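As stored in input35.txt (compact mmCIF, C-alpha atoms and all ligand atoms):
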```txt
# COMPACT_ATOMS: atom_id res chain seq x y z
CA MET A 326 9.06 3.75 -17.20
CA ALA A 327 6.19 1.37 -17.85
CA ARG A 328 3.58 2.25 -20.49
CA TRP A 329 0.95 3.53 -18.06
CA ASP A 330 -0.54 5.80 -20.73
CA GLU A 331 -1.77 2.68 -22.52
CA ILE A 332 -4.13 1.97 -19.64
CA VAL A 333 -7.52 3.43 -20.50
CA SER A 334 -9.26 3.00 -17.13
CA THR A 335 -8.76 5.44 -14.30
CA GLY A 336 -9.34 4.90 -10.61
CA ASP A 337 -10.97 7.16 -8.04
CA VAL A 338 -8.10 9.24 -6.62
CA GLU A 339 -8.50 12.21 -4.28
CA ASP A 340 -5.51 14.53 -4.00
CA ARG A 341 -5.20 16.05 -0.51
CA ARG A 342 -1.48 16.78 -0.73
CA GLY A 343 -1.95 20.51 -0.48
CA VAL A 344 -4.64 20.38 2.20
CA SER A 345 -3.62 21.15 5.75
CA SER A 346 -4.42 18.33 8.13
CA GLY A 347 -3.89 20.36 11.30
CA LEU A 348 -7.53 21.00 12.03
CA LEU A 349 -8.63 17.45 11.38
CA LEU A 350 -6.50 15.81 13.99
CA GLY A 351 -7.59 14.74 17.41
CA GLY A 352 -5.05 14.04 20.12
CA GLY A 353 -4.57 12.23 23.37
CA GLY A 354 -3.78 8.71 24.42
CA GLY A 355 -6.31 7.20 22.08
CA LEU A 356 -4.06 8.00 19.20
CA VAL A 357 -1.32 5.63 20.31
CA ALA A 358 -3.74 2.75 20.63
CA LEU A 359 -5.27 3.62 17.31
CA LEU A 360 -1.93 3.68 15.51
CA LEU A 361 -0.93 0.38 17.07
CA THR A 362 -4.22 -1.20 16.05
CA LEU A 363 -3.63 -0.08 12.51
CA GLY A 364 -0.19 -1.65 12.59
CA LEU A 365 -1.31 -4.89 10.98
CA ASN A 366 -2.38 -3.14 7.83
CA TYR A 367 0.84 -1.47 6.84
CA MET A 368 2.61 -2.31 3.69
CA GLY A 369 5.68 -3.69 5.35
CA LEU A 370 7.11 -1.55 8.07
CA ASN A 371 6.05 -2.22 11.60
CA VAL A 372 5.03 0.66 13.73
CA SER A 373 7.69 0.91 16.38
CA GLN A 374 7.28 3.02 19.48
CA SER A 375 9.51 5.69 17.94
CA THR A 376 7.32 5.82 14.88
CA VAL A 377 4.25 6.33 17.00
CA GLU A 378 6.02 9.07 18.90
CA SER A 379 7.17 10.73 15.74
CA ALA A 380 3.69 10.49 14.32
CA ILE A 381 2.32 12.21 17.37
CA GLY A 382 5.18 14.69 17.17
CA THR A 383 4.09 15.55 13.68
CA VAL A 384 0.52 15.95 14.82
CA GLN A 385 1.45 18.22 17.71
CA THR A 386 3.77 20.31 15.59
CA MET A 387 1.06 20.88 13.08
CA ARG A 388 -1.52 21.73 15.71
CA ALA A 389 0.78 24.12 17.45
CA GLY A 390 1.71 25.75 14.18
CA GLN A 391 -1.91 25.97 13.02
CA ALA A 392 -0.72 26.06 9.47
CA LYS A 393 -4.06 26.98 8.00
CA GLN A 394 -3.39 26.22 4.42
CA THR A 395 -6.82 26.14 2.90
CA THR A 396 -6.07 26.32 -0.80
CA GLN A 397 -4.23 23.82 -2.94
CA PRO A 398 -0.69 24.95 -3.85
CA GLU A 399 -0.09 25.39 -7.56
CA GLN A 400 1.68 22.04 -7.97
CA PHE A 401 -1.35 20.03 -6.81
CA ARG A 402 -4.03 21.91 -8.70
CA GLY A 403 -5.33 19.54 -11.30
CA ASN A 404 -3.67 16.33 -12.42
CA ASP A 405 0.05 16.32 -11.75
CA SER A 406 2.03 13.37 -13.09
CA TYR A 407 1.90 11.41 -9.82
CA GLU A 408 -1.85 11.74 -9.56
CA VAL A 409 -2.23 10.60 -13.17
CA PHE A 410 0.07 7.64 -12.43
CA THR A 411 -1.97 6.54 -9.40
CA ARG A 412 -5.24 6.92 -11.33
CA LYS A 413 -3.93 4.66 -14.10
CA VAL A 414 -2.52 2.04 -11.72
CA LEU A 415 -5.72 1.99 -9.65
CA GLY A 416 -7.74 1.83 -12.87
CA SER A 417 -5.73 -1.17 -14.04
CA THR A 418 -6.33 -2.98 -10.73
CA ASN A 419 -10.07 -2.23 -11.10
CA ASP A 420 -10.01 -3.88 -14.54
CA VAL A 421 -8.24 -6.99 -13.26
CA TRP A 422 -10.43 -7.53 -10.19
CA SER A 423 -13.72 -6.54 -11.84
CA GLY A 424 -12.96 -9.22 -14.44
CA LEU A 425 -12.07 -11.88 -11.90
CA PHE A 426 -15.07 -11.12 -9.67
CA SER A 427 -17.48 -11.21 -12.61
CA GLN A 428 -16.14 -14.65 -13.58
CA ASN A 429 -17.50 -15.72 -10.18
CA ASN A 430 -20.79 -13.89 -10.73
CA SER A 431 -20.03 -11.21 -8.20
CA THR A 432 -19.37 -7.50 -8.43
CA TYR A 433 -16.06 -5.96 -7.40
CA LYS A 434 -16.34 -2.85 -5.25
CA LYS A 435 -13.64 -0.46 -6.44
CA PRO A 436 -11.56 1.18 -3.72
CA ARG A 437 -10.68 4.87 -3.50
CA LEU A 438 -7.17 6.23 -3.09
CA VAL A 439 -6.22 9.36 -1.17
CA LEU A 440 -2.89 11.12 -1.77
CA PHE A 441 -1.79 13.14 1.25
CA ARG A 442 1.21 14.67 3.00
CA GLN A 443 2.19 14.05 6.63
CA ALA A 444 -1.24 13.24 8.04
CA THR A 445 -4.86 13.11 7.05
CA GLN A 446 -8.19 11.90 8.40
CA SER A 447 -9.15 8.40 7.35
CA GLY A 448 -12.12 6.17 8.13
CA CYS A 449 -9.75 4.31 10.48
CA GLY A 450 -8.59 7.41 12.37
CA ILE A 451 -5.54 9.34 11.30
CA ALA A 452 -3.33 8.26 8.42
CA THR A 453 0.29 9.44 8.69
CA THR A 454 3.29 9.19 6.39
CA ASP A 455 5.14 7.05 8.92
CA MET A 456 2.52 4.32 8.64
CA GLY A 457 3.44 3.74 5.04
CA PRO A 458 0.82 3.15 2.37
CA HIS A 459 -2.16 1.31 3.86
CA PHE A 460 -5.74 0.28 3.26
CA CYS A 461 -8.59 1.28 5.55
CA PRO A 462 -11.51 -1.18 5.28
CA GLN A 463 -13.95 1.20 7.00
CA ASP A 464 -13.95 3.66 4.09
CA GLN A 465 -12.54 1.21 1.52
CA THR A 466 -9.71 3.62 0.79
CA ILE A 467 -5.95 3.37 0.25
CA TYR A 468 -3.90 6.15 1.91
CA LEU A 469 -0.63 7.04 0.22
CA ASP A 470 2.03 9.68 0.82
CA GLU A 471 4.52 9.00 -1.93
CA THR A 472 7.37 10.60 0.04
CA PHE A 473 7.33 7.28 1.96
CA PHE A 474 9.13 5.74 -1.02
CA ASP A 475 12.13 8.02 -0.44
CA GLU A 476 12.61 6.36 2.94
CA LEU A 477 12.05 2.93 1.46
CA ARG A 478 14.86 3.60 -0.98
CA THR A 479 17.35 5.34 1.29
CA ARG A 480 16.86 3.24 4.45
CA PHE A 481 15.80 -0.12 3.10
CA GLY A 482 17.55 -0.13 -0.26
CA ALA A 483 14.40 -0.90 -2.24
CA ASP A 484 14.09 -0.17 -5.91
CA THR A 485 11.35 2.47 -5.86
CA GLY A 486 10.83 2.95 -9.56
CA ASP A 487 7.33 3.35 -10.93
CA VAL A 488 6.69 -0.40 -11.21
CA ALA A 489 7.79 -0.90 -7.59
CA GLN A 490 5.37 1.83 -6.48
CA ALA A 491 2.61 0.31 -8.58
CA TYR A 492 3.26 -3.05 -6.86
CA VAL A 493 2.72 -1.33 -3.50
CA ILE A 494 -0.62 0.08 -4.69
CA ALA A 495 -1.58 -3.35 -6.07
CA HIS A 496 -0.70 -4.90 -2.68
CA GLU A 497 -3.03 -2.46 -0.90
CA VAL A 498 -5.72 -3.20 -3.49
CA GLY A 499 -5.17 -6.85 -2.54
CA HIS A 500 -6.38 -5.93 0.96
CA ASN A 501 -9.52 -4.41 -0.59
CA VAL A 502 -10.12 -7.72 -2.37
CA GLN A 503 -9.59 -9.58 0.91
CA SER A 504 -11.95 -7.21 2.65
CA GLN A 505 -14.69 -8.12 0.17
CA LEU A 506 -13.92 -11.82 0.47
CA GLY A 507 -14.16 -11.50 4.25
CA VAL A 508 -10.58 -12.46 5.09
CA PHE A 509 -9.25 -9.00 6.01
CA ASN A 510 -9.55 -7.71 9.57
CA THR A 511 -11.04 -10.96 10.80
CA LYS A 512 -10.13 -12.41 14.17
CA ALA A 513 -7.85 -14.94 12.50
CA SER A 514 -6.02 -12.23 10.58
CA LYS A 515 -5.10 -10.53 13.84
CA THR A 516 -2.94 -13.36 15.10
CA ARG A 517 0.68 -13.09 14.02
CA SER A 518 0.53 -16.09 11.72
CA GLY A 519 -2.83 -14.93 10.39
CA SER A 520 -1.38 -11.51 9.65
CA ILE A 521 1.46 -13.07 7.64
CA ASP A 522 -1.10 -15.15 5.68
CA VAL A 523 -3.02 -11.99 4.84
CA GLU A 524 0.09 -10.02 3.83
CA LEU A 525 1.52 -12.79 1.67
CA GLN A 526 -1.83 -13.24 -0.01
CA ALA A 527 -1.90 -9.49 -0.78
CA ASP A 528 1.56 -9.86 -2.35
CA CYS A 529 0.27 -12.77 -4.41
CA TYR A 530 -2.75 -10.68 -5.46
CA ALA A 531 -0.33 -7.91 -6.51
CA GLY A 532 1.35 -10.60 -8.61
CA ILE A 533 -2.01 -11.40 -10.26
CA TRP A 534 -2.30 -7.74 -11.22
CA ALA A 535 1.28 -7.79 -12.58
CA TYR A 536 0.51 -10.94 -14.61
CA SER A 537 -2.29 -9.08 -16.34
CA GLN A 538 -0.20 -5.92 -16.99
CA ALA A 539 2.64 -8.03 -18.42
CA LYS A 540 0.15 -9.73 -20.74
CA ASN A 541 -1.06 -6.30 -21.89
CA GLY A 542 2.52 -5.21 -22.64
CA ILE A 543 2.58 -2.45 -20.01
CA PHE A 544 6.03 -3.30 -18.61
CA GLU A 545 9.32 -2.75 -20.40
CA ASN A 546 11.87 -5.55 -20.33
CA GLY A 547 13.09 -6.32 -16.83
CA GLU A 548 10.85 -3.77 -15.11
CA ILE A 549 9.08 -6.49 -13.14
CA ASP A 550 12.32 -6.83 -11.16
CA GLN A 551 11.47 -3.51 -9.48
CA ALA A 552 8.42 -5.11 -7.88
CA ILE A 553 10.46 -8.12 -6.80
CA SER A 554 13.11 -5.83 -5.29
CA ALA A 555 10.44 -3.91 -3.36
CA ALA A 556 8.82 -7.14 -2.11
CA SER A 557 12.21 -8.32 -0.91
CA ALA A 558 13.08 -5.00 0.77
CA VAL A 559 9.91 -5.04 2.90
CA GLY A 560 10.45 -8.58 4.17
CA ASP A 561 10.50 -8.71 7.98
CA ASP A 562 13.99 -10.23 8.14
CA HIS A 563 15.40 -7.50 5.90
CA ILE A 564 13.72 -4.75 7.94
CA GLN A 565 15.13 -6.20 11.16
CA LYS A 566 18.58 -6.42 9.59
CA VAL A 567 18.50 -2.79 8.46
CA GLU A 568 17.19 -1.66 11.84
CA GLY A 569 20.02 -3.51 13.54
CA VAL A 570 17.78 -5.63 15.74
CA GLN A 571 18.05 -9.37 16.14
CA ILE A 572 16.39 -11.26 13.30
CA ASN A 573 13.54 -13.01 15.09
CA PRO A 574 10.81 -14.81 13.11
CA GLU A 575 8.65 -14.86 16.25
CA THR A 576 8.04 -11.14 15.81
CA TRP A 577 7.31 -11.12 12.09
CA THR A 578 3.99 -9.84 10.79
CA HIS A 579 4.41 -9.72 7.01
CA GLY A 580 6.72 -12.61 6.12
CA SER A 581 10.37 -12.88 5.18
CA SER A 582 11.85 -11.37 2.03
CA THR A 583 11.92 -14.81 0.40
CA GLU A 584 8.29 -15.52 1.34
CA ARG A 585 7.13 -12.14 0.03
CA VAL A 586 9.00 -12.52 -3.26
CA ASN A 587 7.72 -16.08 -3.69
CA ALA A 588 4.14 -15.01 -2.96
CA PHE A 589 4.35 -12.24 -5.55
CA LYS A 590 5.87 -14.61 -8.12
CA LYS A 591 3.17 -17.21 -7.51
CA GLY A 592 0.52 -14.70 -8.55
CA TYR A 593 2.66 -13.30 -11.34
CA THR A 594 3.35 -16.63 -13.01
CA SER A 595 -0.10 -18.20 -12.55
CA GLY A 596 -2.53 -15.28 -12.84
CA GLN A 597 -4.84 -17.44 -10.70
CA PRO A 598 -6.19 -16.12 -7.37
CA SER A 599 -6.76 -19.74 -6.32
CA GLN A 600 -2.96 -20.07 -6.15
CA CYS A 601 -2.78 -17.40 -3.46
CA THR A 602 -3.23 -19.65 -0.43
CA ASN A 603 -0.86 -21.55 1.85
CA LEU A 604 1.99 -19.17 1.13
CA GLN A 605 3.87 -19.45 4.45
ZN ZN B 701 -0.34 -5.23 3.54
```
Could the structure of this file be written out as structure tokens, please?
Amino acid sequence: MARWDEIVSTGDVEDRRGVSSGLLLGGGGGLVALLLTLGLNYMGLNVSQSTVESAIGTVQTMRAGQAKQTTQPEQFRGNDSYEVFTRKVLGSTNDVWSGLFSQNNSTYKKPRLVLFRQATQSGCGIATTDMGPHFCPQDQTIYLDETFFDELRTRFGADTGDVAQAYVIAHEVGHNVQSQLGVFNTKASKTRSGSIDVELQADCYAGIWAYSQAKNGIFENGEIDQAISAASAVGDDHIQKVEGVQINPETWTHGSSTERVNAFKKGYTSGQPSQCTNLQ
């Protein structure tokens, strides 16, 4: 366990894990298109047709069930340990990027983070667990259902320790940085090669965050390997291998395991955002 309690700053986290999403959700064909559009922003897993169907399945189940849970269950009232963890990690990314932006005489706009279960409304439509952690530029918010990490561990063999999960948050924060620099959700970023550029740069930006945490003595010995394991597990070639489909670079959107690990390490060893280009 890294020394998160040594981080003083806290980020803006909203806990919706006990809030029913059933009444928030719209339906219909627009949802499929919406989910597919969002596909570029996911942490690592592509949205396959089955995922979209299962996402809609979840939505319909919840609507049919009308589970009107209007109060927070006991476990999510107040700061549970996961909420505290995400606040600290987000706070530490705010410190890093506020510092780097101010060196360039600009002001970093801090993102928000929403914890949820199954599905919730986001500024980009509906966020679901199946999408994986992702950043929505419209409301400058990261959406995270931490049960996603169980699947990442069991299906994709990733190390999902606390440092690995922090790397994922730092990667999504990287998209917030890109959004402010005008390179996220541009036309160029929507081509396949452009998408890989954006994703590898976000990995490199996560590495910049890790460089700073290492310098501050937040990680225990060897804990950085968790982040490297996670970056490797969400490489497109590894995902295709696990899913039993042909490994085909023509379909990649995030970069290979090697590219993702190398991008992270480039940020981690240099601490310089200027190093986070030409990563393919
Ligand atoms: Zn990403």
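Note that CA of Cys461 in chain A and CA of Cys449 in chain A are 5.9 Å apart.
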Legend entry - Top pick for closest residue to Pro436 in chain A, considering A:Ala513, A:Ala495, A:Leu604, A:Ile572 and counting all atoms listed in the file: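 Distance minimum relative to Pro436 in chain A lands on A:Ala495.
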Legend entry - Neighbour list for Phe474 in chain A as a PyMOL selection string, cut-off 9 Å, all atoms listed in the file, skip fewer than 2 positions in-chain: chain A and resi 457+470-472+476-479+483+485+490
Inset, instruction - Go through A:Gln600, A:Lys434, A:Phe481, A:Glu497 and flag the residue nearest Gly569 in chain A, using only C-alpha atoms for the distances. - result: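 With only C-alpha atoms as the atom set, the closest residue is A:Phe481.
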Inset, instruction - Give the answer as one residue: which of A:Tyr530, A:Phe426, A:Trp329, A:Phe460 has the shortest atom-to-atom distance to ligand ZN 701 (chain B), using only C-alpha atoms and all ligand atoms? - result: A:Phe460
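Coordinates place CA of Ile553 in chain A at a distance of 17.2 Å from CA of Val414 in chain A.
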Inset, instruction - Quote the spacing between CA of Val409 in chain A and CA of Val338 in chain A in Å to one decimal place. - result: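 Computed distance, CA of Val409 in chain A to CA of Val338 in chain A, equals 8.9 Å.
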Asp464 in chain A: which residues within 12 Å, counting all atoms listed in the file, same-chain residues fewer than 6 positions away excluded, as a short mmCIF file (atom, residue, chain, number, x, y, z; two decimals) with C-alpha atoms, in the frame of the given file?
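What landed in selection_14.cif:
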```
data_model
loop_
_atom_site.label_atom_id
_atom_site.label_comp_id
_atom_site.auth_asym_id
_atom_site.auth_seq_id
_atom_site.Cartn_x
_atom_site.Cartn_y
_atom_site.Cartn_z
CA LYS A 434 -16.34 -2.85 -5.25
CA LYS A 435 -13.64 -0.46 -6.44
CA PRO A 436 -11.56 1.18 -3.72
CA ARG A 437 -10.68 4.87 -3.50
CA LEU A 438 -7.17 6.23 -3.09
CA VAL A 439 -6.22 9.36 -1.17
CA GLN A 446 -8.19 11.90 8.40
CA SER A 447 -9.15 8.40 7.35
CA GLY A 448 -12.12 6.17 8.13
CA CYS A 449 -9.75 4.31 10.48
CA GLY A 450 -8.59 7.41 12.37
CA ASN A 501 -9.52 -4.41 -0.59
CA SER A 504 -11.95 -7.21 2.65
#
```
Legend entry - A:Asn603, A:Gln526, A:Gln565, A:Ser554 ranked by distance to ligand ZN 701 (chain B), top pick (using only C-alpha atoms and all ligand atoms):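 Of all the options, A:Gln526 lies closest to ligand ZN 701 (chain B).
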Inset, instruction - Point out the residue among A:Arg585, A:Arg328, A:His496, A:Arg517 with the least atom-to-atom distance to ligand ZN 701 (chain B), counting all atoms listed in the file. - result: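 Comparing A:Arg585, A:Arg328, A:His496, A:Arg517 against ligand ZN 701 (chain B), the winner is A:His496.
In this comparison, which uses all atoms listed in the file, the residue of A:Ser520, A:Gln571, A:Ser599, A:Asn546 approaching ligand ZN 701 (chain B) most closely is A:Ser520.
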Legend entry - Distance query Met326 in chain A at most 9 Å, all atoms listed in the file, self and fewer than 3 positions along chain excluded, as a ChimeraX atom specification: /A:329,486-488,544-545,548
Legend entry - Contacts of Trp577 in chain A at 8 Å (all atoms listed in the file; same-chain gap of 5+ positions) as a list in words: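 Here the answer would be Arg517, Ile521, Asp561 and Asp562 of chain A.
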Inset, instruction - Write out as a VMD selection string the residues lying within 12 Å of His579 in chain A, counting only C-alpha atoms and excluding same-chain residues fewer than 2 positions away. - result: chain A and resid 364 to 371 496 514 to 528 556 to 564 574 to 577 581 to 586 588 604 to 605
Would you compute an axis-aligned box for range 531-541 of chain A, covering every atom listed for it in the file with 8 Å of margin on each side, and report centre and edge lengths in Å to one decimal as JSON?
```
{"center_x": 0.2, "center_y": -8.7, "center_z": -14.2, "size_x": 20.9, "size_y": 21.5, "size_z": 31.4}
```
